[in-house]
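> Handing you this structure, nothing more for now.
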Amino acid sequence: MDQEPGAAGQHDDVHVGSGTSSGACLSLLFRKGERPEAEAIARTVETAREGGLVASVSYRPDPAAGWLELLASGLTFDLAGLSPLGPAPAVEVYQAFGFDRPCAVAELEAVQLVPSGHILSGAGLLPVMRTMMGLAANLVLHLPVAAVHWGAAQTLMEPRYFSRLMLNWLAGGAFPSLGLTAFSRAPDGSIGTRGLAHFTGQEMQLEASLHESDSDTARLAVRVIDHLVRHGGIAQAQTIGQWSDALLLEPSKVGKLVLVWRGG
């Protein structure tokens, strides 16, 4: 396991935020011909507001621009790639969650949701992420979204899976590790994360156990990720849990990585 900002409400004529490749980008993927126009998004937001969503359209340029700005909980987000403009850039998928069968992502077109310029530097902060994911979850419930892609981990999620996971998190549940991060297994059996650094500044690698099933190891990884997101990255070794269930967490001397060892 040794492997280790412009002010809100001000806009230029050209929308420089559209088509961003930022890791903070969430892409809503639609079948061809089903990407919504700005007016449809405005109606969707109004419908969702009646259901309790605290959001509104805060800036809407000419519809031909193919984007608009949404305001939620005092934060602004750009939604780009709307019809009639062309779609946002295509996505790359590392891991998929929630699908009964493979998703033909190459046949889908993207609409991107990303923090607006003045909050982009804080895109990894939990208040920003929670607001953005809650906004996206509500949009997904009201639009013909075929899949959801999270850029920081290159994960693809089935729409209902995505909304259920995010709304559960916002209601006090665990951090949605199996969606906002991806897992990889090293040759020695340890589990590593992809995308956790967006939230904590560090990825994680969990030591394997010969006496544990793959699913149990994954469940333990999910619990550790939830702990790290709640408490932040670590600068020195610490132990969580007790007795035989104790885990030692220590920052790697190489790279931005938390190593997790068994038995404290």
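How things are named: the first chain in the structure tokens is A, the next is B, and so on; residues count from 1 in each chain; ligands count from 1 in the order shown.
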Just want the 7 Å neighbourhood of region 58-68 of chain A, counted on only C-alpha atoms, with same-chain residues fewer than 6 positions away dropped. Output as a list in words.
Ala38, Asp78, Leu79, Ala80, Gly81, Leu82, Ser83, Pro84 and Leu85 of chain A
> With C-alpha atoms kept, could you save the residues just selected as a tab-separated table (two decimals), in the first residue's frame?

chain	number	residue	atom	x	y	z
A	38	ALA	CA	-33.23	28.44	-20.80
A	78	ASP	CA	-23.91	28.77	-14.09
A	79	LEU	CA	-25.86	26.26	-16.16
A	80	ALA	CA	-24.31	26.05	-19.64
A	81	GLY	CA	-24.78	23.97	-22.78
A	82	LEU	CA	-28.49	24.69	-23.06
A	83	SER	CA	-30.34	24.45	-26.36
A	84	PRO	CA	-30.19	25.99	-28.96
A	85	LEU	CA	-26.45	26.35	-28.35
> Can you write out as CSV which residues of region 158-256 of chain A fall within 7 Å of region 117-139 of chain A, alongside each residue's closest atom pair and its distance in Å to one decimal, counting only C-alpha atoms and ordering rows by chain and ascending residue number?

residue,atom,partner,partner_atom,distance
A:Phe162,CA,A:Ala137,CA,6.9
A:Ser163,CA,A:Ala137,CA,4.5
A:Met166,CA,A:Met133,CA,6.3
A:Leu167,CA,A:Gly134,CA,6.5
A:Leu170,CA,A:Arg130,CA,6.8
A:His198,CA,A:Gly124,CA,5.5
A:Phe199,CA,A:Gly124,CA,5.1
> Out of region 53-142 of chain A, which residues get strand (DSSP E or B) from DSSP, as a PyMOL selection string?
chain A and resi 55-59+67-72+75-80+83+88+95-97+108-115
> Find the distance between CA of Leu196 (chain A) and CA of Thr181 (chain A) and write it in Å to one decimal.
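Computing it gives 5.7 Å between the two atoms.
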> Pick the closest to Ala40 (chain A) from A:Ala106, A:Gly232, A:Pro144, A:Arg160: which is it, counting only C-alpha atoms?
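The shortest atom-to-atom distance to Ala40 (chain A) comes from A:Pro144.
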> Would you please give, as a ChimeraX atom specification, all residues of region 41-252 of chain A that DSSP assigns to helix (DSSP H, G or I) based on the backbone?
/A:41-50,63-65,105-107,117-122,126-142,159-170,177-180,197-200,214-231,243-245
> Of the residues A:Leu249, A:Ile234, A:Cys25, A:Ala48, which is the one nearest to Leu141 (chain A), using only C-alpha atoms?
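Selected residue with least distance to Leu141 (chain A): A:Ala48.
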> Write out as a PyMOL selection string which residues come within 6 Å of region 206-215 of chain A when counting only C-alpha atoms, dropping same-chain ones fewer than 5 positions away.
chain A and resi 189-191+260-261
> If you keep C-alpha atoms, can you produce a file of those selected residues as a compact mmCIF listing (two decimals), in the first residue's frame?

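The resulting part24.txt:
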# COMPACT_ATOMS: atom_id res chain seq x y z
CA GLY A 189 -5.90 -5.45 -2.37
CA SER A 190 -5.95 -1.99 -0.80
CA ILE A 191 -8.68 0.47 -1.84
CA VAL A 260 -5.34 4.02 6.58
CA TRP A 261 -3.94 1.07 8.53
> Determine the nearest neighbour of Gly33 (chain A) from the options A:Phe97, A:Leu75, A:Glu109, A:Leu53, counting only C-alpha atoms.
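Using only C-alpha atoms, Gly33 (chain A) sits closest to A:Glu109.
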> Between CA of Thr200 (chain A) and CA of His231 (chain A), what is the distance in Å, rounded to a tenth?
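It comes out at 8.7 Å.
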> For Arg43 (chain A), list every protein, DNA or RNA residue within 12 Å, evaluated using only C-alpha atoms, and leave out those in the same chain fewer than 5 positions away; present the list as a count of residues only.
12
> Looking at A:Arg262, A:Val45, A:Gly255, A:Ser177, which one is nearest to Ile225 (chain A), with distances taken over only C-alpha atoms?
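Residue with the minimum atom-to-atom distance to Ile225 (chain A): A:Ser177.
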> If I take CA of Leu113 (chain A) and CA of Gln202 (chain A), how far is one from the other in Å, to one decimal?
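CA of Leu113 (chain A) sits 23.9 Å away from CA of Gln202 (chain A).
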> Just the residues within 8 Å of region 152-158 of chain A, please, counting only C-alpha atoms, with nothing from its chain fewer than 4 positions along; format it as a ChimeraX atom specification.
/A:22-25,91-99,146-148,162,179-182,194-196,198
> Output the selection as a compact mmCIF listing (two decimals), in the first residue's frame - C-alpha atoms for each residue.

# COMPACT_ATOMS: atom_id res chain seq x y z
CA SER A 22 -13.19 22.39 -13.84
CA GLY A 23 -13.28 19.44 -11.48
CA ALA A 24 -16.15 21.23 -9.75
CA CYS A 25 -18.33 20.67 -12.81
CA VAL A 91 -17.37 13.66 -20.35
CA GLU A 92 -14.94 10.87 -19.49
CA VAL A 93 -16.14 8.11 -17.16
CA TYR A 94 -13.95 6.26 -14.69
CA GLN A 95 -16.68 4.51 -12.67
CA ALA A 96 -20.48 4.26 -12.88
CA PHE A 97 -23.08 3.83 -10.14
CA GLY A 98 -26.76 2.90 -10.01
CA PHE A 99 -27.33 1.63 -13.56
CA ALA A 146 -30.38 10.26 -18.63
CA ALA A 147 -27.25 10.33 -16.44
CA VAL A 148 -25.30 12.61 -14.10
CA PHE A 162 -27.98 10.57 -7.80
CA GLY A 179 -20.82 8.81 -6.48
CA LEU A 180 -18.77 11.85 -5.46
CA THR A 181 -15.69 9.65 -5.23
CA ALA A 182 -14.60 6.58 -7.16
CA ARG A 194 -10.42 9.18 -6.81
CA GLY A 195 -11.98 12.61 -6.25
CA LEU A 196 -11.83 12.81 -2.43
CA HIS A 198 -11.65 17.87 -4.08
